[in-house]
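Raw final_26.cif, mmCIF, C-alpha atoms:
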data_work
loop_
_atom_site.group_PDB
_atom_site.id
_atom_site.type_symbol
_atom_site.label_atom_id
_atom_site.label_comp_id
_atom_site.auth_asym_id
_atom_site.auth_seq_id
_atom_site.Cartn_x
_atom_site.Cartn_y
_atom_site.Cartn_z
ATOM 1 C CA GLN A 1 104.976 157.109 118.104
ATOM 2 C CA LYS A 2 101.626 158.820 118.599
ATOM 3 C CA PHE A 3 99.797 160.973 116.069
ATOM 4 C CA VAL A 4 97.188 163.617 116.727
ATOM 5 C CA ALA A 5 93.798 163.694 115.016
ATOM 6 C CA LEU A 6 90.965 165.599 116.663
ATOM 7 C CA ASP A 7 87.199 165.670 117.029
ATOM 8 C CA ALA A 8 85.829 169.058 118.147
ATOM 9 C CA GLN A 9 82.803 168.534 120.399
ATOM 10 C CA ARG A 10 79.797 170.856 120.331
ATOM 11 C CA PHE A 11 79.303 173.320 123.180
ATOM 12 C CA GLY A 12 77.171 171.919 125.984
ATOM 13 C CA ASP A 13 78.155 168.278 125.476
ATOM 14 C CA GLY A 14 80.475 166.553 127.933
ATOM 15 C CA LYS A 15 82.527 163.415 128.400
ATOM 16 C CA ASP A 16 79.417 161.238 128.747
ATOM 17 C CA ASN A 17 77.890 162.398 125.459
ATOM 18 C CA GLU A 18 78.468 160.193 122.434
ATOM 19 C CA LEU A 19 80.363 161.852 119.593
ATOM 20 C CA PRO A 20 78.794 162.150 116.139
ATOM 21 C CA LEU A 21 79.472 158.962 114.118
ATOM 22 C CA GLU A 22 80.989 157.280 117.173
ATOM 23 C CA ALA A 23 78.550 154.380 116.865
ATOM 24 C CA ALA A 24 79.720 153.837 113.280
ATOM 25 C CA GLY A 25 83.323 153.493 114.432
ATOM 26 C CA ASP A 26 84.490 156.769 112.905
ATOM 27 C CA TYR A 27 85.262 158.494 116.223
ATOM 28 C CA THR A 28 86.008 157.379 119.762
ATOM 29 C CA ARG A 29 86.299 158.671 123.321
ATOM 30 C CA GLU A 30 88.898 156.053 124.187
ATOM 31 C CA TYR A 31 91.970 158.288 124.189
ATOM 32 C CA GLY A 32 90.763 161.277 126.153
ATOM 33 C CA PHE A 33 90.101 164.948 125.545
ATOM 34 C CA LEU A 34 91.237 168.478 126.255
ATOM 35 C CA ASN A 35 88.633 170.833 127.702
ATOM 36 C CA PHE A 36 89.391 174.470 126.878
ATOM 37 C CA SER A 37 87.605 175.745 129.971
ATOM 38 C CA ASP A 38 90.212 174.027 132.143
ATOM 39 C CA TYR A 39 92.733 176.584 130.865
ATOM 40 C CA THR A 40 90.588 179.714 131.145
ATOM 41 C CA VAL A 41 91.834 182.493 133.416
ATOM 42 C CA GLY A 42 89.293 183.187 136.165
ATOM 43 C CA GLN A 43 87.897 179.698 136.682
ATOM 44 C CA SER A 44 86.357 180.739 140.001
ATOM 45 C CA ASN A 45 83.385 182.034 138.013
ATOM 46 C CA PRO A 46 81.913 179.096 136.027
ATOM 47 C CA GLU A 47 79.868 181.370 133.779
ATOM 48 C CA LEU A 48 82.914 183.360 132.738
ATOM 49 C CA SER A 49 85.222 180.372 132.453
ATOM 50 C CA ALA A 50 82.886 178.417 130.135
ATOM 51 C CA ASN A 51 84.429 178.238 126.677
ATOM 52 C CA HIS A 52 82.402 177.839 123.498
ATOM 53 C CA LEU A 53 85.234 175.816 121.954
ATOM 54 C CA ASN A 54 84.266 173.178 124.545
ATOM 55 C CA SER A 55 86.474 170.065 124.137
ATOM 56 C CA ILE A 56 88.572 168.302 121.540
ATOM 57 C CA TRP A 57 88.819 164.509 121.603
ATOM 58 C CA TYR A 58 91.970 162.787 120.401
ATOM 59 C CA GLN A 59 91.420 160.319 117.592
ATOM 60 C CA PRO A 60 93.404 157.536 115.913
ATOM 61 C CA GLU A 61 94.289 157.811 112.254
ATOM 62 C CA GLU A 62 92.451 155.702 109.691
ATOM 63 C CA ILE A 63 94.874 153.458 107.812
ATOM 64 C CA PHE A 64 94.605 150.893 105.050
ATOM 65 C CA PRO A 65 97.503 148.415 105.408
ATOM 66 C CA ALA A 66 98.930 147.009 102.194
ATOM 67 C CA SER A 67 98.623 143.515 103.641
ATOM 68 C CA GLY A 68 94.895 143.842 104.273
ATOM 69 C CA GLU A 69 91.793 143.652 102.107
ATOM 70 C CA PRO A 70 91.218 146.634 99.779
ATOM 71 C CA GLU A 71 89.294 149.408 101.499
ATOM 72 C CA GLU A 72 89.311 147.548 104.816
ATOM 73 C CA ARG A 73 90.189 150.289 107.240
ATOM 74 C CA GLN A 74 92.031 149.990 110.500
ATOM 75 C CA HIS A 75 92.897 152.546 113.171
ATOM 76 C CA ALA A 76 96.303 153.543 114.482
ATOM 77 C CA PHE A 77 96.868 155.732 117.532
ATOM 78 C CA TRP A 78 100.251 154.438 118.694
ATOM 79 C CA VAL A 79 102.574 153.143 115.983
ATOM 80 C CA PRO A 80 105.415 150.971 117.302
ATOM 81 C CA ALA A 81 108.954 151.597 116.163
ATOM 82 C CA SER A 82 111.123 148.653 115.128
ATOM 83 C CA LYS A 83 112.288 146.734 118.194
ATOM 84 C CA ARG A 84 115.551 145.897 116.483
ATOM 85 C CA TYR A 85 116.252 149.479 115.419
ATOM 86 C CA TYR A 86 115.376 150.697 118.909
ATOM 87 C CA ALA A 87 117.822 148.212 120.431
ATOM 88 C CA LEU A 88 120.573 149.252 118.005
ATOM 89 C CA ALA A 89 120.033 152.920 118.855
ATOM 90 C CA LYS A 90 121.222 152.231 122.392
ATOM 91 C CA LYS A 91 124.751 151.916 120.988
ATOM 92 C CA LEU A 92 124.663 155.626 120.134
ATOM 93 C CA GLU A 93 123.926 156.807 123.657
ATOM 94 C CA GLY A 94 126.965 158.682 124.917
ATOM 95 C CA MET A 95 127.807 159.960 121.436
ATOM 96 C CA GLU A 96 129.367 163.425 121.610
ATOM 97 C CA LEU A 97 127.608 166.169 119.689
ATOM 98 C CA PRO A 98 128.493 169.844 119.155
ATOM 99 C CA ALA A 99 126.722 172.279 121.467
ATOM 100 C CA CYS A 100 127.590 175.659 119.944
ATOM 101 C CA VAL A 101 126.060 177.509 117.031
ATOM 102 C CA ASN A 102 129.061 179.836 116.921
ATOM 103 C CA ALA A 103 131.773 181.193 119.210
ATOM 104 C CA THR A 104 129.279 183.087 121.371
ATOM 105 C CA THR A 105 126.032 181.079 121.231
ATOM 106 C CA CYS A 106 125.856 177.627 122.817
ATOM 107 C CA LEU A 107 123.240 175.355 124.282
ATOM 108 C CA PRO A 108 122.980 175.644 128.080
ATOM 109 C CA ARG A 109 123.646 171.895 128.319
ATOM 110 C CA ALA A 110 125.566 169.575 126.028
ATOM 111 C CA PRO A 111 123.173 167.714 123.679
ATOM 112 C CA ARG A 112 122.969 163.981 124.146
ATOM 113 C CA VAL A 113 121.517 160.991 122.367
ATOM 114 C CA THR A 114 118.783 159.261 124.317
ATOM 115 C CA ARG A 115 116.034 156.817 123.505
ATOM 116 C CA VAL A 116 112.458 157.607 124.526
ATOM 117 C CA SER A 117 109.519 155.261 124.898
ATOM 118 C CA LYS A 118 106.843 157.596 123.519
ATOM 119 C CA GLY A 119 106.747 160.613 121.232
ATOM 120 C CA CYS A 120 103.916 162.742 119.830
ATOM 121 C CA SER A 121 103.763 163.959 116.246
ATOM 122 C CA ALA A 122 101.266 166.322 114.583
ATOM 123 C CA ASN A 123 101.189 169.222 112.134
ATOM 124 C CA VAL A 124 101.211 171.675 115.043
ATOM 125 C CA PHE A 125 104.169 173.854 116.016
ATOM 126 C CA LEU A 126 104.015 173.686 119.776
ATOM 127 C CA ASP A 127 105.199 176.727 121.731
ATOM 128 C CA ASN A 128 102.907 176.530 124.747
ATOM 129 C CA ALA A 129 104.058 175.254 128.131
ATOM 130 C CA GLU A 130 100.578 174.304 129.350
ATOM 131 C CA TYR A 131 99.806 172.194 126.277
ATOM 132 C CA ARG A 132 103.253 170.625 126.452
ATOM 133 C CA GLN A 133 102.516 169.574 130.047
ATOM 134 C CA PHE A 134 99.052 168.338 129.073
ATOM 135 C CA LEU A 135 100.478 166.041 126.379
ATOM 136 C CA ARG A 136 103.057 164.713 128.811
ATOM 137 C CA LYS A 137 100.416 163.954 131.445
ATOM 138 C CA GLN A 138 97.784 162.608 129.053
ATOM 139 C CA PHE A 139 99.955 160.507 126.763
ATOM 140 C CA GLY A 140 103.372 160.218 128.389
ATOM 141 C CA CYS A 141 105.090 161.838 125.417
ATOM 142 C CA THR A 142 108.620 163.112 125.854
ATOM 143 C CA PRO A 143 109.399 164.768 122.496
ATOM 144 C CA VAL A 144 106.726 166.601 120.520
ATOM 145 C CA GLU A 145 107.414 167.237 116.853
ATOM 146 C CA MET A 146 105.797 167.686 113.444
ATOM 147 C CA GLU A 147 107.245 165.407 110.774
ATOM 148 C CA SER A 148 107.517 161.798 111.947
ATOM 149 C CA ALA A 149 103.818 161.001 111.626
ATOM 150 C CA ALA A 150 103.888 160.905 107.827
ATOM 151 C CA VAL A 151 106.902 158.586 107.637
ATOM 152 C CA ALA A 152 105.771 156.279 110.433
ATOM 153 C CA LEU A 153 102.217 155.874 109.147
ATOM 154 C CA VAL A 154 103.381 155.037 105.617
ATOM 155 C CA ALA A 155 105.941 152.574 106.990
ATOM 156 C CA HIS A 156 103.290 151.024 109.220
ATOM 157 C CA THR A 157 100.767 150.562 106.411
ATOM 158 C CA GLN A 158 103.443 149.020 104.173
ATOM 159 C CA GLY A 159 104.807 146.723 106.874
ATOM 160 C CA VAL A 160 108.230 148.384 106.782
ATOM 161 C CA PRO A 161 110.246 148.789 110.006
ATOM 162 C CA PHE A 162 111.046 152.342 111.058
ATOM 163 C CA LEU A 163 112.759 154.373 113.721
ATOM 164 C CA THR A 164 112.506 158.116 114.238
ATOM 165 C CA ILE A 165 115.733 160.043 114.826
ATOM 166 C CA ARG A 166 114.950 163.600 115.871
ATOM 167 C CA SER A 167 116.990 166.470 117.244
ATOM 168 C CA LEU A 168 114.940 168.996 119.207
ATOM 169 C CA SER A 169 115.531 172.663 118.411
ATOM 170 C CA ASP A 170 113.399 174.127 121.226
ATOM 171 C CA LEU A 171 111.502 173.243 124.397
ATOM 172 C CA ALA A 172 107.937 173.553 123.046
ATOM 173 C CA GLY A 173 107.173 176.583 125.195
ATOM 174 C CA GLY A 174 108.909 175.253 128.290
ATOM 175 C CA GLY A 175 112.111 177.263 127.886
ATOM 176 C CA SER A 176 112.959 180.929 128.147
ATOM 177 C CA ALA A 177 110.165 183.423 128.729
ATOM 178 C CA LEU A 178 111.920 185.722 126.249
ATOM 179 C CA GLY A 179 110.865 183.666 123.237
ATOM 180 C CA ASN A 180 111.097 180.374 121.395
ATOM 181 C CA GLU A 181 114.605 178.969 120.880
ATOM 182 C CA ALA A 182 114.044 177.292 117.500
ATOM 183 C CA SER A 183 115.326 180.130 115.315
ATOM 184 C CA THR A 184 118.603 180.093 117.243
ATOM 185 C CA PHE A 185 119.230 176.360 117.452
ATOM 186 C CA ILE A 186 117.445 174.904 114.411
ATOM 187 C CA ASP A 187 120.651 174.628 112.365
ATOM 188 C CA ILE A 188 122.641 172.804 115.019
ATOM 189 C CA ALA A 189 119.652 170.571 115.733
ATOM 190 C CA ALA A 190 119.488 169.567 112.076
ATOM 191 C CA LYS A 191 123.232 168.891 111.922
ATOM 192 C CA ASN A 192 123.115 166.780 115.070
ATOM 193 C CA ALA A 193 120.244 164.699 113.695
ATOM 194 C CA VAL A 194 122.276 164.020 110.557
ATOM 195 C CA GLU A 195 125.325 163.076 112.624
ATOM 196 C CA VAL A 196 123.327 160.534 114.606
ATOM 197 C CA MET A 197 121.689 159.116 111.480
ATOM 198 C CA LEU A 198 125.085 158.658 109.796
ATOM 199 C CA LYS A 199 126.276 156.703 112.824
ATOM 200 C CA PHE A 200 123.092 154.646 113.005
ATOM 201 C CA VAL A 201 122.841 153.442 109.395
ATOM 202 C CA PRO A 202 126.100 151.413 109.439
ATOM 203 C CA LEU A 203 124.820 149.518 112.486
ATOM 204 C CA LEU A 204 122.094 147.980 110.317
ATOM 205 C CA GLY A 205 124.633 146.003 108.317
ATOM 206 C CA LYS A 206 126.674 144.609 111.184
ATOM 207 C CA GLY A 207 126.159 141.079 112.463
ATOM 208 C CA GLY A 208 125.393 140.264 116.046
ATOM 209 C CA ASP A 209 122.998 138.519 118.363
ATOM 210 C CA GLU A 210 120.386 141.187 117.850
ATOM 211 C CA MET A 211 120.415 140.852 114.049
ATOM 212 C CA ASP A 212 117.437 139.410 112.215
ATOM 213 C CA ASP A 213 116.776 136.694 109.657
ATOM 214 C CA GLY A 214 114.434 138.850 107.599
ATOM 215 C CA ALA A 215 112.449 142.044 107.431
ATOM 216 C CA ALA A 216 109.695 140.698 109.689
ATOM 217 C CA ALA A 217 112.144 140.403 112.566
ATOM 218 C CA ASP A 218 112.852 144.134 112.339
ATOM 219 C CA MET A 219 109.337 145.060 113.372
#

Go ahead and render the structure in this file as structure tokens.
Amino acid sequence: QKFVALDAQRFGDGKDNELPLEAAGDYTREYGFLNFSDYTVGQSNPELSANHLNSIWYQPEEIFPASGEPEERQHAFWVPASKRYYALAKKLEGMELPACVNATTCLPRAPRVTRVSKGCSANVFLDNAEYRQFLRKQFGCTPVEMESAAVALVAHTQGVPFLTIRSLSDLAGGGSALGNEASTFIDIAAKNAVEVMLKFVPLLGKGGDEMDDGAAADM
């Protein structure tokens, strides 16, 4: 799970310019950037395509794990889900889920449960096809959503295993040109997420080769 924090770079600086407070360890250029000028219409004219918003650099979150020394900060950019929970989730692939909101409105394809290796989470509602494609290319994210970051970061700092179960209500700008699909499919997305969660929780209490001998093995 990846979380988005940003550093907005001043106009005129580029990828070779050190960010403010970078030397102190507060910011980094390790994870890449988005340059607004790359998405300006009319790039054939450099003077017109230059954008005063310049670039934003993606930053890890500062965390303070409960197991560490007080006020000893660490950084988290990718937060790993529980290996055990991820393995258990495979048992839910192939689960049948409802596809229709009502008698006349249905998803174009039947929803399905699938595991993904990387997801992005930030307090941004994404309805832009270009930015969706940028995140996929830059970070390899499949789903993009808004809520998992808070849960995952708290779990990570407390040393508690976690897994994110999400049901996507729209295509983050990659769907119909007529408008975003979320208002139509948000209810069925929520119900499907609950259905999957209710099937997943009982798996945690069943024995098997993949079961653990303690909480540490869940991580």

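For the atom pair formed by CA of Glu145 (chain A) and CA of Ala122 (chain A), the distance is 6.6 Å, given to one decimal.
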
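When all atoms listed in the file are used to measure the gap to Gly68 (chain A), the shortest distance among A:Arg136, A:Asn51, A:Gly159, A:Asn45 belongs to A:Gly159.
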
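For the choices A:Thr40, A:Ser55, A:Asn128, A:Thr184, the atom-to-atom distance to Ala8 (chain A) is smallest for A:Ser55 when using only C-alpha atoms.
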
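Shell of Gly94 (chain A) at 12 Å, with all atoms listed in the file counted and residues fewer than 5 places along the chain excluded, is Ala89, Ala110, Pro111, Arg112, Val113, Thr114, Arg115 and Val196 of chain A.
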
Counting all atoms listed in the file, find residues at most 12 Å from (108.1, 164.0, 109.4) (file frame) and give them as a ChimeraX atom specification. /A:1,3,120-124,144-155,163-166

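We find CA of Ser117 (chain A) and CA of Cys141 (chain A) to be spaced 7.9 Å apart.
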
For the contact check between region 12-31 of chain A and region 56-64 of chain A, emit one row per residue of region 12-31 of chain A within 10 Å, containing the shortest atom pair and the distance in Å rounded to one decimal, counting all atoms listed in the file, chain then rising number order, as a tab-separated table.
residue	atom	partner	partner_atom	distance
A:Lys15	CA	A:Trp57	CA	9.3
A:Leu19	CA	A:Trp57	CA	9.1
A:Asp26	CA	A:Glu62	CA	8.7
A:Tyr27	CA	A:Gln59	CA	6.6
A:Thr28	CA	A:Gln59	CA	6.5
A:Arg29	CA	A:Trp57	CA	6.6
A:Glu30	CA	A:Gln59	CA	8.2
A:Tyr31	CA	A:Tyr58	CA	5.9
